[in-house]
Amino acid sequence: MGPTRYMFQALVGALITGVTLVVTITQLVLSQELGPLGAQRKRMSDSMSFRGDVEDIFESISPPEPESFLQALIDNTSEKAKAFEQAVDNHSNSELEENVTQLTDDITDNANVVTDELEGKNFGEYAVVKAALDYNYNWKIYQARRIRAEYDGDFSEEQRRALLELLNILSFFGPAREYIKNLYFQWELIDLSRNIIYTTIPALVVTGSMALYLRPTMFPGTTLGIGNLVWIVSIGVTAGLFPFLLLSTYILRLATIAQHTLAIGTFILRSSDRSSEIDWE
């Protein structure tokens, strides 16, 4: 039983080190939430200023829930796109009208998909962040800016204003998504710390007991053709490794989100958001 005892002793040390590391990382991340009154007041002022800018375009009060706020942004983007399409309806430049229609269809189709994903979801669920990732606002900004650059001389003041309103509402989605993503990261790290502690304590009890008290003669006989001692050791190893499996799940999810949102604005990193139809004159 020497090798088995050494293995459980190593698991005990790894569990203690792992839970300490996770709690330390979480404290470092959450420490940015701490600060003097002046810093907290500035955060509040910046948040209210952003909402005020968005509500100027909404022409109504924005929802307080993160998922509803994202949904309102997406809905208003579709409305601005349709308003822009109506503004250029029956334009003398048929190519311009076709490009605007294509842009509007792209926005509305994507909005419908994301709306279905957000339906019934609440903040704290991965589905909310995933839906935000599926709305490729950066590609839409590129399309709208390309239309403005190529056909600006063909626009009337009303059409130019409609396009500017569309660009403005699209540009609000980026910082809103990044802020909600940061809140989700903090939410997940708090859950991770709590769940790691909940699972590590029983894991330490099991692995510590195995290291101290397990003897070859304690579990004689077999079950399903396998020695009972093998079952007990396997259960102990599983209990010792479960916190690490839990940690891997959280880290993999957060790393995937971080990779997909490295750039903000008109930079496009995800291959699913790119198009082979980009041509430069």
# chains A, B, ... in the order shown; residues from 1 in each chain; ligands from 1
>>> residues_around(residues="A:Phe50", least_positions_apart="6", cutoff="12 Å", atoms="only C-alpha atoms", output="ChimeraX atom specification")
/A:43-44,56-57,62,169,171-173,175-176,179
>>> residues_around(residues="A:Thr101", least_positions_apart="4", cutoff="7 Å", atoms="only C-alpha atoms", output="number ranges by chain")
A: 85, 97, 105
>>> atom_distance(atom1="atom CA of A:Ile25", atom2="atom CA of A:Gln9")
24.6 Å
>>> select_by_dssp(residues="stretch 40-265 of chain A", states="strand (DSSP E or B)", output="list in words")
Thr222, Thr223, Ile226 and Gly227 of chain A
>>> atom_distance(atom1="atom CA of A:Thr108", atom2="atom CA of A:Gln159")
19.1 Å
>>> atom_distance(atom1="atom CA of A:Ile180", atom2="atom CA of A:Leu21")
25.4 Å
>>> residues_around(residues="A:Ala144", least_positions_apart="4", cutoff="12 Å", atoms="only C-alpha atoms", output="PyMOL selection string")
chain A and resi 77+80-81+84-85+96+99-104+106-107+137-140+148-152+160+162-171+266
>>> closest_atom_pairs(of="stretch 99-183 of chain A", to="stretch 256-260 of chain A", cutoff="9 Å", atoms="only C-alpha atoms", output="tab-separated table")
residue	atom	partner	partner_atom	distance
A:Val129	CA	A:Ile257	CA	8.1
A:Lys130	CA	A:Ile257	CA	8.0
A:Leu133	CA	A:His260	CA	7.4
A:Lys181	CA	A:Ile257	CA	8.3
>>> closest_residue(among="A:Gly227, A:Gly153, A:Gly236, A:Pro63", to="A:Met210", atoms="only C-alpha atoms")
A:Gly236
>>> closest_residue(among="A:Leu70, A:Ile147, A:Leu189, A:Ala111", to="A:Leu28", atoms="only C-alpha atoms")
A:Leu189
>>> closest_residue(among="A:Ile201, A:Asn76, A:Ala211, A:Asn93", to="A:Val54", atoms="only C-alpha atoms")
A:Asn76
>>> residues_around(residues="A:Leu246", least_positions_apart="4", cutoff="9 Å", atoms="only C-alpha atoms", output="list in words")
Leu192, Asn195, Ile196, Thr199, Leu241, Phe242, Tyr250 and Ile251 of chain A
>>> residues_around(residues="stretch 230-234 of chain A", least_positions_apart="3", cutoff="9 Å", atoms="only C-alpha atoms", output="VMD selection string")
chain A and resid 4 210 214 219 222 to 223 226 to 227 237 to 239
>>> write_last_selection(atoms="N, CA, C and O atoms", output="PDB file, in the first residue's frame")
ATOM      1  N   THR A   4       0.099   3.655  -3.005  1.00  0.00           N
ATOM      2  CA  THR A   4      -1.240   4.239  -2.865  1.00  0.00           C
ATOM      3  C   THR A   4      -1.248   5.335  -1.812  1.00  0.00           C
ATOM      4  O   THR A   4      -1.841   6.405  -1.998  1.00  0.00           O
ATOM      5  N   MET A 210      -7.770   8.185   3.437  1.00  0.00           N
ATOM      6  CA  MET A 210      -7.114   7.129   2.676  1.00  0.00           C
ATOM      7  C   MET A 210      -5.621   7.079   2.985  1.00  0.00           C
ATOM      8  O   MET A 210      -5.027   6.002   3.159  1.00  0.00           O
ATOM      9  N   LEU A 214      -5.987   3.691   5.337  1.00  0.00           N
ATOM     10  CA  LEU A 214      -6.253   2.596   4.403  1.00  0.00           C
ATOM     11  C   LEU A 214      -5.244   1.466   4.598  1.00  0.00           C
ATOM     12  O   LEU A 214      -4.030   1.698   4.629  1.00  0.00           O
ATOM     13  N   PHE A 219     -10.823  -4.004   3.227  1.00  0.00           N
ATOM     14  CA  PHE A 219     -11.954  -4.226   2.329  1.00  0.00           C
ATOM     15  C   PHE A 219     -11.737  -5.525   1.545  1.00  0.00           C
ATOM     16  O   PHE A 219     -11.381  -5.498   0.362  1.00  0.00           O
ATOM     17  N   THR A 222     -14.814  -9.166  -3.338  1.00  0.00           N
ATOM     18  CA  THR A 222     -14.947  -8.529  -4.656  1.00  0.00           C
ATOM     19  C   THR A 222     -16.381  -8.092  -4.898  1.00  0.00           C
ATOM     20  O   THR A 222     -17.315  -8.607  -4.281  1.00  0.00           O
ATOM     21  N   THR A 223     -16.541  -7.152  -5.803  1.00  0.00           N
ATOM     22  CA  THR A 223     -17.860  -6.693  -6.260  1.00  0.00           C
ATOM     23  C   THR A 223     -17.808  -6.561  -7.776  1.00  0.00           C
ATOM     24  O   THR A 223     -16.931  -5.870  -8.303  1.00  0.00           O
ATOM     25  N   ILE A 226     -14.486  -7.317  -9.325  1.00  0.00           N
ATOM     26  CA  ILE A 226     -13.362  -6.411  -9.055  1.00  0.00           C
ATOM     27  C   ILE A 226     -13.190  -6.310  -7.546  1.00  0.00           C
ATOM     28  O   ILE A 226     -14.161  -6.173  -6.796  1.00  0.00           O
ATOM     29  N   GLY A 227     -11.947  -6.336  -7.100  1.00  0.00           N
ATOM     30  CA  GLY A 227     -11.676  -6.280  -5.673  1.00  0.00           C
ATOM     31  C   GLY A 227     -12.249  -5.025  -5.030  1.00  0.00           C
ATOM     32  O   GLY A 227     -12.183  -3.932  -5.599  1.00  0.00           O
ATOM     33  N   VAL A 237      -9.629   8.395  -5.341  1.00  0.00           N
ATOM     34  CA  VAL A 237      -8.934   9.178  -6.361  1.00  0.00           C
ATOM     35  C   VAL A 237      -9.905  10.105  -7.082  1.00  0.00           C
ATOM     36  O   VAL A 237      -9.587  11.274  -7.357  1.00  0.00           O
ATOM     37  N   THR A 238     -11.100   9.594  -7.379  1.00  0.00           N
ATOM     38  CA  THR A 238     -12.114  10.434  -8.042  1.00  0.00           C
ATOM     39  C   THR A 238     -12.485  11.631  -7.183  1.00  0.00           C
ATOM     40  O   THR A 238     -12.595  12.762  -7.681  1.00  0.00           O
ATOM     41  N   ALA A 239     -12.668  11.385  -5.888  1.00  0.00           N
ATOM     42  CA  ALA A 239     -12.995  12.485  -4.978  1.00  0.00           C
ATOM     43  C   ALA A 239     -11.860  13.502  -4.924  1.00  0.00           C
ATOM     44  O   ALA A 239     -12.095  14.720  -4.878  1.00  0.00           O
TER      45      ALA A 239
END
>>> select_by_dssp(residues="stretch 31-114 of chain A", states="helix (DSSP H, G or I)", output="PyMOL selection string")
chain A and resi 31-33+37-58+66-87+94-114
